[in-house]
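structure-v7.txt (compact mmCIF, C-alpha atoms)
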# COMPACT_ATOMS: atom_id res chain seq x y z
CA MET A 1 12.69 -38.51 -29.10
CA PHE A 2 9.29 -39.02 -27.48
CA GLY A 3 7.62 -40.63 -30.47
CA VAL A 4 5.35 -37.64 -31.06
CA PRO A 5 3.98 -37.72 -34.62
CA VAL A 6 4.37 -34.69 -36.90
CA PHE A 7 1.48 -33.81 -39.20
CA THR A 8 1.82 -31.92 -42.46
CA THR A 9 -1.80 -30.73 -42.56
CA LEU A 10 -4.33 -29.56 -40.01
CA ASP A 11 -6.85 -32.12 -41.26
CA ASP A 12 -4.42 -34.95 -40.55
CA ALA A 13 -3.86 -33.72 -37.00
CA CYS A 14 -7.57 -33.18 -36.32
CA ALA A 15 -8.41 -36.68 -37.53
CA VAL A 16 -6.46 -38.41 -34.74
CA ARG A 17 -8.70 -40.46 -32.48
CA ASP A 18 -8.38 -40.82 -28.69
CA ALA A 19 -6.10 -37.78 -28.48
CA VAL A 20 -6.11 -34.74 -26.21
CA PHE A 21 -5.88 -31.64 -28.39
CA ASP A 22 -4.10 -28.43 -27.39
CA VAL A 23 -5.37 -25.61 -29.63
CA ALA A 24 -2.93 -22.73 -29.18
CA VAL A 25 -3.94 -20.26 -31.88
CA PRO A 26 -5.25 -16.66 -31.96
CA GLY A 27 -8.82 -16.19 -30.83
CA ASP A 28 -10.23 -15.75 -34.33
CA GLN A 29 -8.87 -19.16 -35.43
CA ILE A 30 -10.31 -21.36 -32.67
CA LEU A 31 -13.80 -21.97 -34.01
CA SER A 32 -12.74 -23.38 -37.39
CA ILE A 33 -10.40 -25.88 -35.72
CA LEU A 34 -12.98 -27.08 -33.20
CA CYS A 35 -15.34 -27.84 -36.08
CA ARG A 36 -12.78 -30.31 -37.47
CA LEU A 37 -11.99 -32.24 -34.29
CA PRO A 38 -13.44 -35.72 -33.78
CA VAL A 39 -16.80 -35.88 -32.02
CA GLY A 40 -16.28 -36.34 -28.29
CA ALA A 41 -12.63 -35.22 -28.36
CA ALA A 42 -10.89 -33.62 -25.39
CA VAL A 43 -9.52 -30.16 -26.11
CA LEU A 44 -7.77 -27.35 -24.29
CA MET A 45 -8.10 -24.10 -26.19
CA GLN A 46 -5.94 -21.04 -25.67
CA LYS A 47 -7.66 -17.95 -24.34
CA PRO A 48 -9.48 -15.89 -25.41
CA MET A 49 -12.54 -17.96 -26.29
CA GLY A 50 -12.93 -16.08 -29.58
CA GLU A 51 -12.52 -12.36 -30.19
CA ASP A 52 -15.88 -11.33 -28.73
CA LEU A 53 -18.91 -12.72 -26.94
CA ASP A 54 -20.73 -13.66 -30.16
CA ALA A 55 -17.76 -15.81 -31.19
CA ALA A 56 -17.62 -17.34 -27.70
CA ARG A 57 -21.27 -18.33 -28.02
CA ARG A 58 -20.58 -20.01 -31.36
CA ILE A 59 -17.63 -21.85 -29.83
CA LEU A 60 -19.80 -23.02 -26.94
CA ASP A 61 -22.47 -24.23 -29.37
CA VAL A 62 -19.90 -26.24 -31.35
CA CYS A 63 -18.46 -27.77 -28.17
CA ARG A 64 -21.93 -28.87 -27.09
CA ALA A 65 -22.98 -30.11 -30.54
CA ARG A 66 -19.79 -32.13 -30.99
CA ARG A 67 -19.78 -33.26 -27.32
CA LEU A 68 -16.24 -31.98 -26.81
CA VAL A 69 -14.64 -32.22 -23.38
CA ALA A 70 -13.48 -28.62 -23.64
CA ALA A 71 -11.61 -26.27 -21.34
CA VAL A 72 -10.05 -22.82 -21.80
CA ASN A 73 -6.46 -22.19 -20.76
CA PHE A 74 -7.07 -19.75 -17.90
CA GLN A 75 -3.88 -20.90 -16.26
CA LEU A 76 -3.66 -18.08 -13.68
CA ARG A 77 -6.12 -20.17 -11.66
CA PHE A 78 -3.30 -22.73 -11.37
CA SER A 79 -0.55 -20.29 -10.42
CA PRO A 80 1.06 -21.51 -7.17
CA ASN A 81 0.32 -18.28 -5.28
CA MET A 82 -3.26 -18.11 -6.62
CA LEU A 83 -3.93 -21.73 -5.67
CA ALA A 84 -2.82 -20.92 -2.13
CA VAL A 85 -5.10 -17.86 -2.00
CA GLU A 86 -8.04 -19.89 -3.32
CA GLN A 87 -7.54 -22.31 -0.44
CA LEU A 88 -7.54 -19.40 2.00
CA VAL A 89 -10.77 -18.07 0.50
CA GLU A 90 -12.44 -21.49 0.50
CA GLY A 91 -11.36 -22.02 4.10
CA SER A 92 -12.68 -18.58 5.14
CA ARG A 93 -9.23 -17.64 6.42
CA LEU A 94 -9.58 -14.15 4.92
CA GLY A 95 -13.19 -13.78 6.08
CA ALA A 96 -15.56 -12.05 3.71
CA ILE A 97 -13.69 -10.46 0.80
CA THR A 98 -13.93 -6.67 0.98
CA ASP A 99 -11.27 -5.36 -1.42
CA ILE A 100 -9.50 -6.57 -4.56
CA GLU A 101 -6.84 -4.49 -6.29
CA VAL A 102 -4.76 -5.36 -9.35
CA ARG A 103 -1.98 -3.07 -10.54
CA VAL A 104 0.33 -3.72 -13.49
CA VAL A 105 2.84 -1.14 -14.71
CA ASP A 106 5.22 -2.64 -17.26
CA ARG A 107 6.35 -2.61 -20.87
CA GLN A 108 4.67 -5.58 -22.50
CA PRO A 109 6.46 -6.52 -25.74
CA TRP A 110 3.33 -6.73 -27.87
CA GLU A 111 5.57 -6.69 -30.96
CA GLN A 112 6.53 -10.34 -30.30
CA TRP A 113 3.07 -11.47 -31.43
CA SER A 114 2.45 -10.16 -34.93
CA PHE A 115 -1.18 -11.33 -35.00
CA LEU A 116 -1.98 -8.80 -32.28
CA GLU A 117 -1.40 -5.96 -34.75
CA ARG A 118 -4.66 -6.85 -36.47
CA ALA A 119 -6.59 -7.66 -33.29
CA PRO A 120 -9.58 -5.30 -32.86
CA ARG A 121 -9.33 -5.76 -29.09
CA LEU A 122 -6.09 -6.25 -27.21
CA GLU A 123 -5.28 -5.45 -23.57
CA VAL A 124 -8.42 -6.67 -21.82
CA LEU A 125 -9.06 -9.55 -24.23
CA TYR A 126 -5.54 -10.98 -24.46
CA HIS A 127 -4.01 -10.04 -21.09
CA SER A 128 -6.24 -8.78 -18.32
CA ILE A 129 -8.80 -11.45 -19.13
CA HIS A 130 -6.69 -13.59 -16.76
CA TYR A 131 -7.25 -11.20 -13.86
CA LEU A 132 -10.96 -10.86 -14.59
CA ASP A 133 -11.30 -14.64 -14.76
CA VAL A 134 -9.56 -15.28 -11.47
CA ILE A 135 -11.53 -12.52 -9.73
CA ARG A 136 -14.74 -14.27 -10.83
CA TRP A 137 -13.28 -17.54 -9.54
CA LEU A 138 -12.50 -16.08 -6.11
CA ALA A 139 -15.25 -13.51 -5.55
CA GLY A 140 -18.15 -14.57 -7.77
CA GLU A 141 -19.96 -12.67 -10.48
CA PRO A 142 -19.91 -8.85 -10.40
CA GLU A 143 -23.11 -6.90 -10.99
CA GLY A 144 -21.54 -4.71 -13.66
CA VAL A 145 -18.36 -3.01 -14.82
CA HIS A 146 -16.87 0.41 -15.53
CA CYS A 147 -13.98 0.39 -17.99
CA ARG A 148 -11.86 2.66 -20.14
CA ALA A 149 -9.42 0.93 -22.48
CA VAL A 150 -7.09 3.14 -24.53
CA ALA A 151 -4.30 2.91 -27.09
CA HIS A 152 -0.89 4.62 -26.88
CA PRO A 153 0.45 7.12 -29.41
CA SER A 154 3.83 5.39 -29.65
CA LEU A 155 2.21 2.02 -30.42
CA HIS A 156 -0.08 3.07 -33.25
CA GLN A 157 -0.20 -0.45 -34.73
CA PHE A 158 -2.04 -1.81 -31.67
CA ARG A 159 -5.45 -1.09 -30.21
CA ASP A 160 -5.91 -0.84 -26.42
CA THR A 161 -2.69 -1.36 -24.47
CA ARG A 162 -3.84 0.29 -21.22
CA SER A 163 -7.04 0.07 -19.22
CA SER A 164 -8.73 1.06 -15.98
CA ILE A 165 -11.45 -1.29 -14.77
CA ILE A 166 -13.84 -1.21 -11.82
CA LEU A 167 -15.95 -4.30 -11.13
CA ASP A 168 -19.21 -3.48 -9.38
CA TYR A 169 -19.94 -5.74 -6.43
CA GLY A 170 -22.19 -3.17 -4.78
CA ASP A 171 -21.11 -2.19 -1.27
CA ARG A 172 -19.74 -5.70 -0.66
CA ILE A 173 -16.38 -5.45 -2.47
CA ARG A 174 -14.32 -2.58 -3.89
CA CYS A 175 -12.56 -4.02 -6.94
CA SER A 176 -10.24 -2.07 -9.22
CA LEU A 177 -7.69 -2.93 -11.91
CA THR A 178 -5.08 -0.45 -13.15
CA LEU A 179 -3.17 -1.74 -16.17
CA ASN A 180 -0.45 0.14 -18.05
CA HIS A 181 1.65 -1.91 -20.45
CA THR A 182 3.47 1.06 -22.01
CA HIS A 183 5.73 2.10 -19.11
CA GLY A 184 9.04 2.91 -20.80
CA CYS A 185 11.24 3.65 -17.77
CA ASP A 186 13.55 1.30 -15.92
CA ALA A 187 12.40 -1.26 -13.36
CA THR A 188 12.35 1.15 -10.41
CA GLN A 189 8.64 1.97 -10.60
CA ARG A 190 7.28 -1.12 -12.32
CA ALA A 191 4.48 -2.96 -10.56
CA SER A 192 2.71 -6.29 -10.85
CA PHE A 193 0.56 -7.20 -7.87
CA PHE A 194 -2.79 -8.67 -6.92
CA LYS A 195 -4.06 -7.76 -3.43
CA ILE A 196 -7.07 -9.29 -1.70
CA GLU A 197 -8.36 -8.04 1.65
CA GLY A 198 -11.05 -9.58 3.81
CA THR A 199 -12.66 -9.06 7.18
CA GLU A 200 -10.23 -11.54 8.80
CA GLY A 201 -7.03 -11.22 6.77
CA ALA A 202 -5.31 -10.22 3.56
CA ALA A 203 -3.11 -11.64 0.81
CA MET A 204 -0.60 -9.87 -1.44
CA LEU A 205 0.57 -11.65 -4.60
CA THR A 206 3.24 -10.49 -7.04
CA LEU A 207 3.31 -11.78 -10.62
CA GLY A 208 6.97 -11.55 -11.54
CA VAL A 209 6.71 -12.25 -15.25
CA ASN A 210 5.18 -8.82 -15.93
CA LEU A 211 8.13 -7.02 -14.37
CA ASP A 212 10.58 -8.19 -17.05
CA TYR A 213 8.86 -10.38 -19.62
CA PRO A 214 9.56 -13.26 -19.96
CA ASP A 215 12.40 -13.51 -17.43
CA GLY A 216 10.91 -11.63 -14.49
CA PRO A 217 11.65 -12.48 -10.86
CA PRO A 218 9.82 -15.32 -9.09
CA ASP A 219 6.26 -14.79 -7.92
CA THR A 220 5.67 -14.13 -4.24
CA LEU A 221 2.84 -14.44 -1.75
CA GLU A 222 2.50 -12.65 1.59
CA VAL A 223 -0.42 -13.08 3.96
CA ALA A 224 -1.67 -11.35 7.10
CA LEU A 225 -3.96 -13.80 8.88
CA ASP A 226 -3.52 -13.66 12.65
CA GLY A 227 -2.91 -9.97 13.10
CA PRO A 228 -1.58 -7.07 11.05
CA ALA A 229 1.90 -8.49 10.39
CA TRP A 230 2.73 -9.87 6.95
CA HIS A 231 4.33 -13.29 6.51
CA GLU A 232 5.83 -14.69 3.33
CA VAL A 233 4.54 -18.04 2.05
CA PRO A 234 7.05 -20.27 0.21
CA LEU A 235 6.01 -21.24 -3.30
CA ARG A 236 6.87 -23.97 -5.77
CA GLY A 237 7.28 -22.09 -9.03
CA SER A 238 5.52 -19.10 -10.57
CA TRP A 239 2.65 -18.32 -12.92
CA PHE A 240 5.12 -18.55 -15.85
CA THR A 241 5.59 -21.42 -16.36
CA ALA A 242 4.55 -23.65 -13.45
CA ALA A 243 0.86 -22.86 -13.87
CA PHE A 244 0.81 -24.08 -17.47
CA GLU A 245 0.82 -27.70 -16.36
CA GLY A 246 -2.47 -27.18 -14.50
CA PRO A 247 -5.15 -26.83 -17.22
CA MET A 248 -3.77 -29.66 -19.38
CA SER A 249 -3.23 -31.94 -16.38
CA ASN A 250 -6.79 -31.26 -15.22
CA LEU A 251 -8.17 -32.05 -18.68
CA GLN A 252 -6.21 -35.29 -18.95
CA ARG A 253 -7.27 -36.35 -15.46
CA VAL A 254 -10.94 -35.68 -16.28
CA VAL A 255 -10.64 -37.83 -19.41
CA ALA A 256 -8.95 -40.56 -17.34
CA GLY A 257 -11.63 -40.37 -14.64
CA GLU A 258 -9.19 -39.09 -12.00
CA ASP A 259 -10.68 -35.56 -11.64
CA ARG A 260 -14.42 -35.09 -11.28
CA ALA A 261 -14.69 -31.80 -13.19
CA LEU A 262 -12.82 -29.30 -15.33
CA VAL A 263 -11.55 -26.23 -13.49
CA SER A 264 -12.08 -23.89 -16.46
CA PRO A 265 -14.72 -25.52 -18.71
CA VAL A 266 -16.17 -23.62 -21.66
CA ASP A 267 -19.49 -23.28 -19.82
CA ASP A 268 -17.71 -21.18 -17.19
CA ALA A 269 -15.22 -19.51 -19.53
CA ILE A 270 -18.03 -17.89 -21.48
CA ARG A 271 -18.92 -15.92 -18.32
CA THR A 272 -15.40 -14.48 -18.36
CA MET A 273 -15.91 -13.62 -22.02
CA ALA A 274 -19.17 -11.90 -21.10
CA LEU A 275 -17.29 -9.82 -18.53
CA VAL A 276 -14.67 -8.87 -21.13
CA GLU A 277 -17.48 -7.91 -23.52
CA ALA A 278 -18.99 -5.70 -20.82
CA CYS A 279 -15.61 -3.99 -20.36
CA TYR A 280 -15.38 -3.04 -24.03
CA ARG A 281 -19.00 -1.94 -24.20
CA SER A 282 -18.42 0.25 -21.16
CA SER A 283 -15.27 1.70 -22.73
CA ASP A 284 -17.06 2.44 -26.00
CA GLY A 285 -20.00 4.00 -24.16
CA GLY A 286 -18.00 6.92 -22.85
CA SER A 287 -17.93 8.63 -19.48
CA THR A 288 -20.55 10.55 -17.54
CA PRO A 289 -20.49 14.23 -18.61
CA ILE A 290 -19.59 16.71 -15.90
CA PRO A 291 -22.57 18.99 -15.13
CA THR A 292 -22.27 22.66 -15.92
CA THR A 293 -21.74 24.95 -12.96
Give the structure from this file in structure tokens form.
Amino acid sequence: MFGVPVFTTLDDACAVRDAVFDVAVPGDQILSILCRLPVGAAVLMQKPMGEDLDAARRILDVCRARRLVAAVNFQLRFSPNMLAVEQLVEGSRLGAITDIEVRVVDRQPWEQWSFLERAPRLEVLYHSIHYLDVIRWLAGEPEGVHCRAVAHPSLHQFRDTRSSIILDYGDRIRCSLTLNHTHGCDATQRASFFKIEGTEGAAMLTLGVNLDYPDGPPDTLEVALDGPAWHEVPLRGSWFTAAFEGPMSNLQRVVAGEDRALVSPVDDAIRTMALVEACYRSSDGGSTPIPTT
């Protein structure tokens, strides 16, 4: 219908010149495909950028060696409500950020993606990486992280499906993420929100897709800017699927000379991968023992 060619082999697809490539494969498959793309090609790769930081470094090296115009699909940055909040932050409408809280209580249907059954890392790497990435985007780099990522006895085929994360910004920002994707009850007590407070205002975002994947209610955004009262901000679309046009559009516009820079280039995405790596190292390191009394 649109004249899109169909290729019978990966090599045939990777050999196309002057194309923009969308590499939507599991994290452990990205590197081998990038090595086969034409030198200088434009490519949007699905997150995560490999399955760990070592793989992300190898991916970055290949992108640099082959001069790829490469971005990672951190599309939450392009969610309509998150774009609005980024403008508030950039315009200092919230003042200095003092508090960030993410809470997700849902039943994520991990079974829909069979490759996740063999993934050595799951919840933080394949889901909450979005929240960590956008927190970096809005608040800058944390000094460290405290994390505990755990499995669930009823989902024995998967690794971590729940996590608690604290990002350390010193005394400047309190930042916590509470993530439970194994909530088996009805919708009454489900949650999916992202709250940002500052010295001059606050913003409350809901991410509807988590509440009933993939057909959850629309996203929302409420702000309190000129006093304590909350006001709803109208949005055009939600994270799923309106935000998905953002990373690819940005990549195409950079190639065409219409945008000056990529919003989520590999050189920045590797910092998100480093934060994910720190989460898993923290989780594996165990907690502080309670002193004897």
Can you pull out every residue within 8 Å of A:Glu123, counting only C-alpha atoms, but drop anything in the same chain fewer than 2 positions away, and send it as a PyMOL selection string?
chain A and resi 121+125-128+149+159-163
Each residue of stretch 53-76 of chain A with at least one atom at most 8 Å from stretch 239-262 of chain A should appear once, together with its nearest atom pair and the corresponding distance in Å (one decimal); atoms considered: all atoms listed in the file; ordering: chain, then increasing residue number; output as JSON lines.
{"residue": "A:Val69", "atom": "CA", "partner": "A:Val255", "partner_atom": "CA", "distance": 8.0}
{"residue": "A:Ala71", "atom": "CA", "partner": "A:Leu262", "partner_atom": "CA", "distance": 6.8}
{"residue": "A:Val72", "atom": "CA", "partner": "A:Pro247", "partner_atom": "CA", "distance": 7.8}
{"residue": "A:Asn73", "atom": "CA", "partner": "A:Pro247", "partner_atom": "CA", "distance": 6.0}
{"residue": "A:Phe74", "atom": "CA", "partner": "A:Pro247", "partner_atom": "CA", "distance": 7.4}
{"residue": "A:Gln75", "atom": "CA", "partner": "A:Ala243", "partner_atom": "CA", "distance": 5.7}
{"residue": "A:Leu76", "atom": "CA", "partner": "A:Trp239", "partner_atom": "CA", "distance": 6.4}
Can you pull out every residue within 12 Å of A:Trp230, counting only C-alpha atoms, but drop anything in the same chain fewer than 3 positions away, and send it as a ChimeraX atom specification?
/A:201-205,221-227,233
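Going from atom CA of A:Leu132 over to atom CA of A:Lys195, you cover 13.5 Å.
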Give me the residues near A:Thr98 as a PyMOL selection string, where near means some atom within 8 Å (using only C-alpha atoms) and where sequence neighbours in that chain fewer than 3 positions away do not count.
chain A and resi 172-174+196-199
re atom CA of A:Ser79 and atom CA of A:Pro214: distance 15.6 Å
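Counting from atom CA of A:Asp28, the distance to atom CA of A:Thr178 is 26.6 Å.
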Within 9 Å of A:Cys14, counting only C-alpha atoms, which residues show up once you throw out same-chain ones fewer than 6 positions away? Write them as a list in words, please.
Phe21, Ile33, Leu34, Arg36, Leu37 and Pro38 of chain A
For a cut-off of 12 Å around (-6.1, 5.8, -24.7), file coordinates, pick out all residues using all atoms listed in the file and list them as number ranges by chain.
A: 123, 147-156, 158-164, 179-182, 283-284
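Using all atoms listed in the file, the nearest neighbour of A:Pro228 within the list A:His146, A:Ala15, A:Glu200, A:Ile166 is A:Glu200.
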Got a sec: who's within 9 Å of A:Asn81, counting all atoms listed in the file, leaving out chain neighbours fewer than 3 positions off, as a JSON list (two decimals) with C-alpha atoms, in the frame of the given file?
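Resulting contents of part-v9.json:
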[["chain", "number", "residue", "atom", "x", "y", "z"],
["A", 78, "PHE", "CA", -3.30, -22.73, -11.37],
["A", 84, "ALA", "CA", -2.82, -20.92, -2.13],
["A", 85, "VAL", "CA", -5.10, -17.86, -2.00],
["A", 86, "GLU", "CA", -8.04, -19.89, -3.32],
["A", 205, "LEU", "CA", 0.57, -11.65, -4.60],
["A", 206, "THR", "CA", 3.24, -10.49, -7.04],
["A", 207, "LEU", "CA", 3.31, -11.78, -10.62],
["A", 219, "ASP", "CA", 6.26, -14.79, -7.92],
["A", 220, "THR", "CA", 5.67, -14.13, -4.24],
["A", 221, "LEU", "CA", 2.84, -14.44, -1.75],
["A", 233, "VAL", "CA", 4.54, -18.04, 2.05],
["A", 234, "PRO", "CA", 7.05, -20.27, 0.21],
["A", 235, "LEU", "CA", 6.01, -21.24, -3.30],
["A", 236, "ARG", "CA", 6.87, -23.97, -5.77],
["A", 237, "GLY", "CA", 7.28, -22.09, -9.03],
["A", 238, "SER", "CA", 5.52, -19.10, -10.57],
["A", 239, "TRP", "CA", 2.65, -18.32, -12.92]]
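Nearest-residue note for A:Val263: choosing from A:Ile290, A:Leu83, A:Val209, A:Ala139, the minimum distance belongs to A:Leu83, counting only C-alpha atoms.
Distances from A:Cys63, A:Val4, A:Leu44, A:Leu275 to A:Glu143 were compared using all atoms listed in the file, and the smallest one belongs to A:Leu275.
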